[in-house]
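Visitor: This one is coords_13.cif, mmCIF, C-alpha atoms.
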```
data_protein
#
loop_
_atom_site.label_atom_id
_atom_site.label_comp_id
_atom_site.auth_asym_id
_atom_site.auth_seq_id
_atom_site.Cartn_x
_atom_site.Cartn_y
_atom_site.Cartn_z
CA MET A 1 8.14 -27.99 71.74
CA ASN A 2 9.83 -24.78 70.62
CA PRO A 3 7.10 -22.23 69.73
CA CYS A 4 9.52 -20.34 67.51
CA LEU A 5 9.69 -23.40 65.23
CA SER A 6 5.92 -23.65 64.74
CA PRO A 7 4.81 -23.51 61.12
CA THR A 8 3.46 -20.28 59.67
CA VAL A 9 -0.31 -20.19 59.43
CA SER A 10 -2.66 -17.94 57.54
CA GLY A 11 -4.58 -15.11 59.18
CA ARG A 12 -7.57 -17.40 59.36
CA TYR A 13 -5.98 -19.17 62.35
CA LEU A 14 -4.67 -17.79 65.63
CA SER A 15 -0.90 -17.33 65.72
CA PHE A 16 1.38 -18.16 68.66
CA SER A 17 1.80 -14.46 69.48
CA GLU A 18 -1.98 -14.06 69.63
CA ARG A 19 -2.19 -17.03 71.97
CA GLU A 20 0.42 -15.39 74.22
CA ASP A 21 -1.73 -12.24 74.32
CA ILE A 22 -4.81 -14.31 75.16
CA ALA A 23 -2.97 -15.96 78.06
CA ILE A 24 -1.86 -12.56 79.40
CA PHE A 25 -5.30 -10.96 79.02
CA ARG A 26 -6.93 -13.98 80.61
CA ALA A 27 -4.57 -13.79 83.57
CA GLN A 28 -5.55 -10.12 83.97
CA GLY A 29 -9.17 -11.20 84.30
CA LEU A 30 -10.45 -9.76 81.01
CA GLY A 31 -13.60 -11.20 79.50
CA VAL A 32 -13.95 -12.96 76.17
CA ARG A 33 -15.42 -9.97 74.35
CA GLU A 34 -12.76 -7.60 75.62
CA ILE A 35 -10.00 -9.97 74.50
CA ALA A 36 -11.66 -10.37 71.11
CA TRP A 37 -11.93 -6.60 70.68
CA ARG A 38 -8.25 -6.07 71.53
CA LEU A 39 -7.10 -8.77 69.10
CA GLY A 40 -9.56 -7.87 66.35
CA ARG A 41 -11.07 -11.35 66.42
CA SER A 42 -14.59 -12.70 66.78
CA PRO A 43 -15.69 -13.44 70.38
CA SER A 44 -16.64 -16.95 69.26
CA THR A 45 -13.05 -17.50 68.10
CA ILE A 46 -11.68 -16.58 71.55
CA SER A 47 -14.34 -18.60 73.36
CA ARG A 48 -13.63 -21.69 71.25
CA GLU A 49 -9.87 -21.27 71.74
CA LEU A 50 -10.21 -21.14 75.53
CA ARG A 51 -12.50 -24.16 75.54
CA ARG A 52 -10.57 -26.43 73.16
CA ASN A 53 -6.92 -25.61 73.71
CA ALA A 54 -6.67 -25.02 77.45
CA SER A 55 -4.50 -27.27 79.60
CA THR A 56 -6.36 -30.34 80.84
CA ARG A 57 -3.69 -31.80 83.13
CA THR A 58 -4.42 -29.44 86.00
CA TRP A 59 -7.36 -29.31 88.37
CA ARG A 60 -8.74 -26.36 86.41
CA LEU A 61 -8.62 -25.25 82.80
CA ASP A 62 -5.56 -23.02 82.78
CA TYR A 63 -4.78 -21.42 79.44
CA LYS A 64 -1.10 -21.48 78.47
CA ALA A 65 0.09 -20.28 75.08
CA SER A 66 2.61 -23.08 74.49
CA ILE A 67 0.14 -25.86 75.34
CA ALA A 68 -2.60 -24.21 73.28
CA GLN A 69 -0.25 -24.03 70.29
CA TRP A 70 0.61 -27.72 70.72
CA HIS A 71 -3.07 -28.64 70.78
CA ALA A 72 -3.74 -26.59 67.62
CA GLU A 73 -0.82 -28.11 65.68
CA ARG A 74 -1.81 -31.62 66.76
CA ARG A 75 -5.31 -31.13 65.40
CA ALA A 76 -4.02 -29.63 62.16
CA ARG A 77 -1.82 -32.60 61.24
CA ARG A 78 -2.64 -34.08 57.83
CA PRO A 79 -3.66 -36.40 56.41
CA LYS A 80 -6.42 -37.40 58.76
CA VAL A 81 -8.33 -40.63 58.40
CA ALA A 82 -11.94 -39.88 57.54
CA LYS A 83 -14.40 -40.75 60.27
CA LEU A 84 -16.55 -42.72 57.83
CA VAL A 85 -13.56 -44.94 57.05
CA THR A 86 -12.95 -46.00 60.64
CA ASN A 87 -16.55 -46.18 61.88
CA ASP A 88 -18.44 -48.93 60.04
CA GLY A 89 -21.71 -48.30 61.88
CA LEU A 90 -21.67 -44.60 61.04
CA ARG A 91 -20.84 -45.31 57.39
CA ASP A 92 -23.68 -47.84 57.08
CA TYR A 93 -26.12 -45.37 58.66
CA VAL A 94 -25.15 -42.60 56.23
CA GLN A 95 -25.25 -44.84 53.17
CA ASP A 96 -28.65 -46.30 54.10
CA ARG A 97 -30.18 -42.83 54.52
CA LEU A 98 -28.70 -41.70 51.24
CA SER A 99 -29.33 -44.71 49.01
CA GLY A 100 -31.75 -46.95 50.92
CA LEU A 101 -34.62 -48.27 48.83
CA VAL A 102 -38.15 -46.92 48.98
CA ARG A 103 -40.28 -49.89 50.08
CA CYS A 104 -43.97 -50.81 50.23
CA PRO A 105 -45.54 -51.80 53.58
CA ASP A 106 -44.80 -55.44 52.69
CA GLY A 107 -41.08 -54.63 52.37
CA ARG A 108 -40.98 -54.82 48.58
CA GLY A 109 -38.75 -52.25 46.88
CA VAL A 110 -40.54 -50.00 44.40
CA GLY A 111 -39.61 -47.54 41.69
CA PRO A 112 -37.58 -47.65 38.48
CA PRO A 113 -34.09 -49.17 38.54
CA GLY A 114 -32.56 -45.97 37.22
CA PRO A 115 -29.69 -45.57 34.77
CA GLU A 116 -26.19 -46.94 35.16
CA TRP A 117 -23.84 -44.48 36.84
CA LYS A 118 -21.54 -42.88 34.24
CA GLY A 119 -20.00 -40.12 36.32
CA LYS A 120 -22.41 -37.49 35.01
CA ASN A 121 -25.25 -35.49 36.48
CA LYS A 122 -28.76 -36.85 36.96
CA PRO A 123 -30.29 -38.11 33.68
CA HIS A 124 -32.06 -35.54 31.53
CA ARG A 125 -35.70 -36.52 31.01
CA GLY A 126 -35.02 -39.98 32.38
CA ASP A 127 -35.95 -42.04 35.43
CA ARG A 128 -33.91 -41.84 38.61
CA ARG A 129 -33.76 -44.66 41.12
CA TRP A 130 -36.13 -44.16 44.05
CA VAL A 131 -34.08 -43.94 47.25
CA GLN A 132 -34.46 -42.54 50.76
CA ALA A 133 -32.46 -39.48 49.60
CA TRP A 134 -31.93 -37.82 52.96
CA SER A 135 -29.82 -34.70 52.67
CA PRO A 136 -26.43 -34.67 54.46
CA GLU A 137 -27.79 -32.07 56.88
CA GLN A 138 -30.80 -34.23 57.70
CA ILE A 139 -28.50 -37.20 58.33
CA SER A 140 -26.16 -35.16 60.51
CA GLN A 141 -28.94 -33.75 62.68
CA ARG A 142 -30.89 -37.00 62.92
CA LEU A 143 -27.87 -38.82 64.34
CA LYS A 144 -28.23 -36.72 67.50
CA VAL A 145 -31.83 -37.91 67.85
CA ASP A 146 -31.22 -41.58 67.11
CA PHE A 147 -27.99 -41.84 69.14
CA PRO A 148 -28.24 -39.21 71.91
CA ASP A 149 -25.67 -40.92 74.14
CA ASP A 150 -23.21 -42.19 71.52
CA GLU A 151 -20.71 -39.45 70.64
CA SER A 152 -19.04 -41.72 68.09
CA MET A 153 -22.18 -41.48 65.94
CA ARG A 154 -21.65 -37.87 65.01
CA ILE A 155 -20.63 -36.36 61.67
CA SER A 156 -21.08 -32.96 60.07
CA HIS A 157 -22.94 -32.51 56.82
CA GLU A 158 -19.77 -31.07 55.25
CA ALA A 159 -17.87 -34.26 56.05
CA ILE A 160 -20.55 -36.25 54.21
CA TYR A 161 -20.30 -33.97 51.19
CA GLN A 162 -16.51 -34.34 51.17
CA ALA A 163 -16.81 -38.12 51.41
CA LEU A 164 -18.98 -38.01 48.28
CA TYR A 165 -17.16 -35.42 46.20
CA VAL A 166 -13.49 -35.50 47.30
CA GLN A 167 -11.72 -38.61 46.08
CA SER A 168 -9.08 -38.57 48.83
CA ARG A 169 -11.89 -38.61 51.40
CA GLY A 170 -13.76 -41.33 49.52
CA ALA A 171 -15.31 -43.39 52.31
CA LEU A 172 -18.57 -43.41 50.34
CA ARG A 173 -19.10 -44.72 46.84
CA ARG A 174 -18.81 -41.98 44.25
CA GLU A 175 -22.06 -42.92 42.53
CA LEU A 176 -24.02 -42.02 45.67
CA VAL A 177 -23.95 -38.38 44.55
CA ALA A 178 -26.84 -39.40 42.26
CA CYS A 179 -28.91 -39.92 45.43
CA LEU A 180 -28.67 -36.24 46.36
CA ARG A 181 -31.55 -34.06 45.28
CA THR A 182 -29.47 -32.09 42.77
CA GLY A 183 -27.69 -35.21 41.47
CA ARG A 184 -24.66 -33.10 40.53
CA ALA A 185 -21.44 -34.91 39.66
CA LEU A 186 -19.47 -31.85 40.83
CA ARG A 187 -20.08 -29.39 43.63
CA VAL A 188 -21.13 -25.82 42.78
CA PRO A 189 -18.50 -23.31 43.99
CA ARG A 190 -19.61 -21.03 46.80
CA ALA A 191 -18.97 -17.95 44.67
CA ARG A 192 -21.51 -19.18 42.14
CA ALA A 193 -24.04 -20.02 44.87
CA ARG A 194 -23.81 -16.45 46.20
CA GLN A 195 -24.59 -14.90 42.82
CA GLU A 196 -28.00 -13.32 42.52
CA ALA A 197 -30.11 -15.19 40.00
CA TRP A 198 -32.09 -12.11 38.94
CA ALA A 199 -29.69 -9.26 39.66
CA HIS A 200 -30.71 -7.55 36.39
CA VAL A 201 -34.31 -7.15 37.58
CA THR A 202 -34.49 -3.88 39.52
CA PRO A 203 -37.60 -2.46 41.26
CA GLU A 204 -38.28 0.09 38.52
CA VAL A 205 -38.72 -2.63 35.86
CA MET A 206 -41.02 -4.89 37.84
CA ILE A 207 -44.42 -5.72 36.34
CA SER A 208 -46.08 -3.75 39.14
CA GLU A 209 -44.73 -0.60 37.46
CA ARG A 210 -46.35 -1.45 34.12
CA PRO A 211 -49.13 0.96 32.99
CA ALA A 212 -52.65 -0.12 33.91
CA GLU A 213 -53.71 0.10 30.25
CA ALA A 214 -51.60 -2.96 29.52
CA GLU A 215 -53.57 -5.07 31.97
CA ASP A 216 -57.06 -4.54 30.51
CA ARG A 217 -55.99 -5.15 26.88
CA ALA A 218 -57.97 -2.10 25.75
CA ILE A 219 -55.09 -0.60 23.78
CA PRO A 220 -52.81 -2.63 21.49
CA GLY A 221 -49.05 -2.29 21.54
CA HIS A 222 -48.26 -4.09 24.79
CA TRP A 223 -46.22 -7.24 24.14
CA GLU A 224 -45.19 -10.31 26.11
CA GLY A 225 -42.02 -12.22 25.28
CA ASP A 226 -40.00 -15.29 26.17
CA LEU A 227 -37.68 -17.92 24.72
CA LEU A 228 -38.74 -21.24 23.25
CA LEU A 229 -35.85 -23.56 24.13
CA GLY A 230 -34.78 -26.67 22.26
CA LEU A 231 -32.05 -29.27 22.12
CA GLU A 232 -28.34 -28.34 22.20
CA ARG A 233 -28.99 -24.85 23.59
CA SER A 234 -31.08 -23.81 20.60
CA ALA A 235 -33.83 -21.22 20.96
CA ILE A 236 -36.46 -19.12 19.19
CA GLY A 237 -37.68 -15.82 20.59
CA THR A 238 -41.45 -15.34 20.85
CA LEU A 239 -43.40 -12.05 20.99
CA VAL A 240 -47.19 -11.87 21.43
CA GLU A 241 -49.34 -8.73 21.39
CA ARG A 242 -51.73 -8.83 24.34
CA MET A 243 -54.85 -7.39 22.68
CA THR A 244 -54.79 -9.04 19.24
CA ARG A 245 -52.68 -12.15 20.06
CA PHE A 246 -50.54 -11.32 17.03
CA THR A 247 -47.33 -13.38 17.19
CA MET A 248 -43.81 -12.58 15.99
CA LEU A 249 -40.96 -15.11 16.09
CA ILE A 250 -37.31 -14.09 16.42
CA HIS A 251 -34.65 -16.10 14.64
CA LEU A 252 -31.69 -16.73 16.97
CA PRO A 253 -28.97 -18.53 14.96
CA ARG A 254 -25.90 -19.77 16.75
CA GLU A 255 -22.78 -17.63 16.65
CA ASP A 256 -19.67 -18.60 14.70
CA GLY A 257 -17.55 -21.01 16.70
CA TYR A 258 -20.39 -22.76 18.53
CA GLY A 259 -19.42 -26.38 19.12
CA VAL A 260 -15.83 -25.64 18.12
CA VAL A 261 -14.64 -23.02 20.60
CA PRO A 262 -14.55 -24.55 24.14
CA ARG A 263 -17.06 -23.07 26.55
CA THR A 264 -15.32 -20.76 29.01
CA LYS A 265 -16.58 -19.03 32.13
CA ASN A 266 -17.63 -15.45 31.34
CA GLY A 267 -16.70 -16.13 27.72
CA PRO A 268 -18.73 -15.16 24.65
CA ALA A 269 -22.28 -16.50 24.45
CA LEU A 270 -22.31 -18.52 21.22
CA ALA A 271 -25.64 -20.32 21.60
CA GLY A 272 -27.53 -17.47 19.91
CA TYR A 273 -29.37 -15.92 22.83
CA GLY A 274 -26.66 -14.16 24.81
CA ALA A 275 -27.62 -10.82 26.34
CA VAL A 276 -26.14 -8.65 23.57
CA THR A 277 -27.30 -10.93 20.74
CA MET A 278 -30.79 -11.10 22.20
CA LYS A 279 -30.98 -7.33 22.62
CA ASN A 280 -29.95 -6.72 19.02
CA ALA A 281 -32.35 -9.33 17.58
CA LEU A 282 -35.26 -8.05 19.67
CA ALA A 283 -34.58 -4.43 18.74
CA SER A 284 -34.33 -5.15 15.01
CA THR A 285 -37.66 -7.03 15.15
CA MET A 286 -39.68 -4.57 17.23
CA THR A 287 -38.47 -1.42 15.46
CA THR A 288 -40.24 -2.65 12.31
CA LEU A 289 -43.55 -2.04 14.08
CA PRO A 290 -45.45 1.29 13.89
CA GLU A 291 -44.78 3.52 16.88
CA GLN A 292 -48.36 3.03 18.12
CA LEU A 293 -47.65 -0.68 18.52
CA ARG A 294 -44.52 -0.21 20.63
CA ARG A 295 -45.92 0.67 24.04
CA SER A 296 -44.29 -1.90 26.36
CA LEU A 297 -42.68 -5.32 26.58
CA THR A 298 -43.15 -7.77 29.47
CA TRP A 299 -40.51 -10.50 29.67
CA ASP A 300 -39.71 -13.52 31.74
CA ARG A 301 -36.87 -13.13 34.27
CA GLY A 302 -34.23 -14.83 32.12
CA LYS A 303 -30.70 -13.47 31.84
CA GLU A 304 -31.06 -13.23 28.06
CA LEU A 305 -32.65 -9.77 28.50
CA SER A 306 -30.16 -8.44 31.05
CA GLN A 307 -29.27 -5.76 28.48
CA HIS A 308 -32.78 -4.31 28.79
CA ALA A 309 -31.47 -0.84 29.68
CA ALA A 310 -29.63 -0.59 26.36
CA PHE A 311 -32.69 -1.97 24.57
CA ILE A 312 -34.88 0.76 26.10
CA VAL A 313 -32.44 3.46 24.98
CA GLU A 314 -32.24 2.12 21.43
CA THR A 315 -35.95 1.49 20.87
CA GLY A 316 -37.79 3.66 23.37
CA ILE A 317 -39.87 0.62 24.41
CA PRO A 318 -40.14 0.24 28.21
CA VAL A 319 -39.40 -3.27 29.50
CA TYR A 320 -41.01 -4.94 32.52
CA PHE A 321 -40.23 -8.29 34.17
CA ALA A 322 -42.73 -10.70 35.69
CA ASP A 323 -42.55 -11.73 39.34
CA PRO A 324 -40.65 -14.94 40.19
CA HIS A 325 -42.51 -18.16 39.43
CA SER A 326 -45.55 -16.27 38.10
CA PRO A 327 -46.12 -17.45 34.50
CA TRP A 328 -49.78 -16.35 34.64
CA GLN A 329 -48.56 -12.74 34.52
CA ARG A 330 -47.54 -13.50 30.93
CA GLY A 331 -50.45 -15.81 30.22
CA THR A 332 -50.87 -14.78 26.59
CA ASN A 333 -47.26 -15.62 25.84
CA GLU A 334 -47.36 -18.89 27.77
CA ASN A 335 -50.48 -19.98 25.88
CA THR A 336 -48.89 -19.09 22.55
CA ASN A 337 -45.73 -21.00 23.41
CA GLY A 338 -47.92 -24.03 24.01
CA LEU A 339 -49.39 -23.65 20.54
CA LEU A 340 -45.93 -23.29 19.05
CA ARG A 341 -44.84 -26.61 20.57
CA GLN A 342 -46.96 -28.26 17.88
CA TYR A 343 -44.36 -27.03 15.40
CA PHE A 344 -41.28 -26.95 17.66
CA PRO A 345 -41.57 -29.92 20.09
CA LYS A 346 -39.46 -30.12 23.22
CA GLY A 347 -36.24 -32.07 22.84
CA THR A 348 -35.72 -31.05 19.17
CA ASP A 349 -33.00 -28.88 17.68
CA LEU A 350 -34.57 -25.49 16.89
CA SER A 351 -31.46 -24.21 15.13
CA ARG A 352 -32.43 -26.28 12.06
CA TRP A 353 -35.02 -23.71 11.02
CA ASP A 354 -34.09 -20.49 9.21
CA GLN A 355 -35.77 -17.09 9.28
CA ASP A 356 -38.21 -17.83 6.46
CA GLU A 357 -39.35 -21.09 8.02
CA ILE A 358 -40.12 -19.67 11.46
CA GLU A 359 -41.87 -16.69 9.87
CA ALA A 360 -44.06 -19.17 7.98
CA VAL A 361 -45.03 -20.77 11.31
CA ALA A 362 -45.83 -17.32 12.75
CA ALA A 363 -48.00 -16.56 9.70
CA ALA A 364 -49.87 -19.84 10.17
CA LEU A 365 -50.53 -19.01 13.80
CA ASN A 366 -51.68 -15.48 12.95
CA ALA A 367 -54.10 -16.88 10.36
CA ARG A 368 -55.76 -19.22 12.89
CA PRO A 369 -59.18 -17.94 14.12
CA ARG A 370 -59.46 -17.33 17.86
CA LYS A 371 -62.52 -17.63 20.04
CA THR A 372 -61.37 -14.71 22.22
CA LEU A 373 -61.32 -12.49 19.09
CA GLY A 374 -64.83 -13.44 18.01
CA TRP A 375 -63.36 -16.01 15.63
CA ARG A 376 -61.31 -13.42 13.83
CA THR A 377 -57.65 -14.14 13.25
CA PRO A 378 -54.88 -12.20 15.01
CA ALA A 379 -53.79 -10.82 11.64
CA GLU A 380 -57.28 -9.51 10.94
CA ALA A 381 -57.59 -7.99 14.41
CA LEU A 382 -54.26 -6.18 14.06
CA ASN A 383 -55.06 -5.01 10.53
CA GLU A 384 -58.39 -3.55 11.70
CA HIS A 385 -56.62 -1.59 14.38
CA LEU A 386 -54.01 -0.25 11.96
CA LEU A 387 -56.76 0.84 9.56
CA SER A 388 -58.58 2.66 12.38
CA LEU A 389 -55.36 4.45 13.28
CA GLN A 390 -54.84 5.45 9.66
CA GLN A 391 -58.40 6.79 9.33
CA ALA A 392 -58.06 8.73 12.58
CA GLY A 393 -54.86 10.28 11.29
CA VAL A 394 -56.52 11.35 8.02
CA ALA A 395 -59.48 12.81 9.93
CA THR A 396 -57.26 14.97 12.11
CA THR A 397 -55.44 16.47 9.11
CA ASP A 398 -58.65 17.75 7.44
#
```
For the structure just supplied, provide its representation as structure tokens.

Guide:
Amino acid sequence: MNPCLSPTVSGRYLSFSEREDIAIFRAQGLGVREIAWRLGRSPSTISRELRRNASTRTWRLDYKASIAQWHAERRARRPKVAKLVTNDGLRDYVQDRLSGLVRCPDGRGVGPPGPEWKGKNKPHRGDRRWVQAWSPEQISQRLKVDFPDDESMRISHEAIYQALYVQSRGALRRELVACLRTGRALRVPRARARQEAWAHVTPEVMISERPAEAEDRAIPGHWEGDLLLGLERSAIGTLVERMTRFTMLIHLPREDGYGVVPRTKNGPALAGYGAVTMKNALASTMTTLPEQLRRSLTWDRGKELSQHAAFIVETGIPVYFADPHSPWQRGTNENTNGLLRQYFPKGTDLSRWDQDEIEAVAAALNARPRKTLGWRTPAEALNEHLLSLQQAGVATTD
């Protein structure tokens, strides 16, 4: 083999000149970490190179650059036959742990049959077939336990994922992706997996920073908010005052082009509750309140309020976010959303209702007597407070 004719490889892989340097440094008696430092590579890269690509035809593992390059190019040849294609026993083991039936002690299979595979994600609000559903990592690691002496029964979890998702590596049936916990028809790119789900929630806007007066409900003007979601990405914004339970609903109509303009990554949010749209709708609703009733707003951790900094500047209302998976920190709002489901059930299109209609629902809710208010209505409780503020203002001017 002529090393000068070897194909060009990316910087991810060792080049022939680097392998020559490794051979020279190794002959000089340098250690793995010293060689790695001189080449600007990871010590594990050098260690793996010396272990995998050394000459094996001598009585000791001599490292020669030309032989190491030959080994590397031999391993890199494509296409390779997938291991699950050639090893029937391994393929059967993987498929049984993925899609094997859940059985009673008497051996009878149990659970719903599940929907017919249509190349989509797991069914929304529908039964899934009950299967063993081991994850690829569990399968990969368990093989070492079940077959400790059989090196042919080894496969990485990534190879299993590729056999499921990559058609050219299709040793496993495509519909078996429905047996994975996520049930995704397509893999999520790594870049998306590394994104922070709640990057807009900074320490200074956590609920722990909210004034103590908001917790004891002694002073009105502290609000809790969230979205009420419906079919086809429809939504209604909900605001509830903590002391009086007074409710305000925010109309969030879809933007022009929804359902016509194709959805694009990082494109405009046309569903009606994008960050900018939500900020504007929330600001226009809350600025209609008297200043004494605009003390704070506590929101769920959804991305729809990622423009909270601009909202604070425009309205002067501080915003706080609840802790992850802690709905009880917004218990008033969660309870009210449950009441609203009587009018806006799950699985229905909420975009059908206009501003007047949702305001009528809010008025009905505010006219409903509450035990916690001594059987007064939220509207009466809020009105009493506004009257007391008005009388206090008149008294101070005399």

Visitor: For this structure, which residues satisfy the selection - the PyMOL selection byres ((chain A and resi 187) around 10) - when it is evaluated on the file as given? I want them as a PyMOL selection string.

Guide: chain A and resi 161-162+164-166+177+182-186+188-190

Visitor: Determine the residue set returned by the PyMOL selection byres ((chain A and resi 220) around 8) for the present structure, and present it as a list in words.

Guide: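 The output of the PyMOL selection byres ((chain A and resi 220) around 8) on this file is Arg217, Ala218, Ile219, Gly221, His222, Glu241, Arg242, Met243, Thr244, Gln292 and Leu293 of chain A.
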
Visitor: Need to verify the contact set: Arg330 of chain A, 10 Å, only C-alpha atoms, exclusion of same-chain residues closer than 5 positions in sequence. Can you return it as a list in words?

Guide: Ile207, Trp223, Glu224, Gly225, Asp226, Val240, Arg242, Thr298, Trp299, Asp300, Phe321, Ala322, Asp323 and Asn335 of chain A

Visitor: Could you tell me how far atom CA of Ala281 of chain A sits from atom CA of His325 of chain A, in Å to one decimal place?

Guide: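 Distance between the two atoms: 25.7 Å.
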
Visitor: Which neighbours of Ser208 of chain A fall inside 9 Å, counting all atoms listed in the file, when residues of the same chain fewer than 2 positions from it are skipped, and could you give them as a PyMOL selection string?

Guide: chain A and resi 203-206+210-211+320-323

Visitor: Which residues are close to Gly230 of chain A, i.e. within 9 Å by all atoms listed in the file, leaving aside same-chain residues fewer than 5 positions away? Reply as a PyMOL selection string.

Guide: chain A and resi 235-236+344-351

Visitor: Mind writing the picked residues with C-alpha atoms as a tab-separated table (two decimals), in the frame of the given file?

Guide:
```tsv
chain	number	residue	atom	x	y	z
A	235	ALA	CA	-33.83	-21.22	20.96
A	236	ILE	CA	-36.46	-19.12	19.19
A	344	PHE	CA	-41.28	-26.95	17.66
A	345	PRO	CA	-41.57	-29.92	20.09
A	346	LYS	CA	-39.46	-30.12	23.22
A	347	GLY	CA	-36.24	-32.07	22.84
A	348	THR	CA	-35.72	-31.05	19.17
A	349	ASP	CA	-33.00	-28.88	17.68
A	350	LEU	CA	-34.57	-25.49	16.89
A	351	SER	CA	-31.46	-24.21	15.13
```

Visitor: Please expand the PyMOL selection byres ((chain A and resi 153) around 10) into the concrete residues it hits in this file, giving the result as a compact mmCIF listing (two decimals) with C-alpha atoms, keeping the file's coordinate frame.

Guide:
```txt
# COMPACT_ATOMS: atom_id res chain seq x y z
CA LYS A 83 -14.40 -40.75 60.27
CA LEU A 84 -16.55 -42.72 57.83
CA ASN A 87 -16.55 -46.18 61.88
CA GLY A 89 -21.71 -48.30 61.88
CA LEU A 90 -21.67 -44.60 61.04
CA ARG A 91 -20.84 -45.31 57.39
CA TYR A 93 -26.12 -45.37 58.66
CA SER A 140 -26.16 -35.16 60.51
CA LEU A 143 -27.87 -38.82 64.34
CA LYS A 144 -28.23 -36.72 67.50
CA ASP A 146 -31.22 -41.58 67.11
CA PHE A 147 -27.99 -41.84 69.14
CA PRO A 148 -28.24 -39.21 71.91
CA ASP A 149 -25.67 -40.92 74.14
CA ASP A 150 -23.21 -42.19 71.52
CA GLU A 151 -20.71 -39.45 70.64
CA SER A 152 -19.04 -41.72 68.09
CA ARG A 154 -21.65 -37.87 65.01
CA ILE A 155 -20.63 -36.36 61.67
```
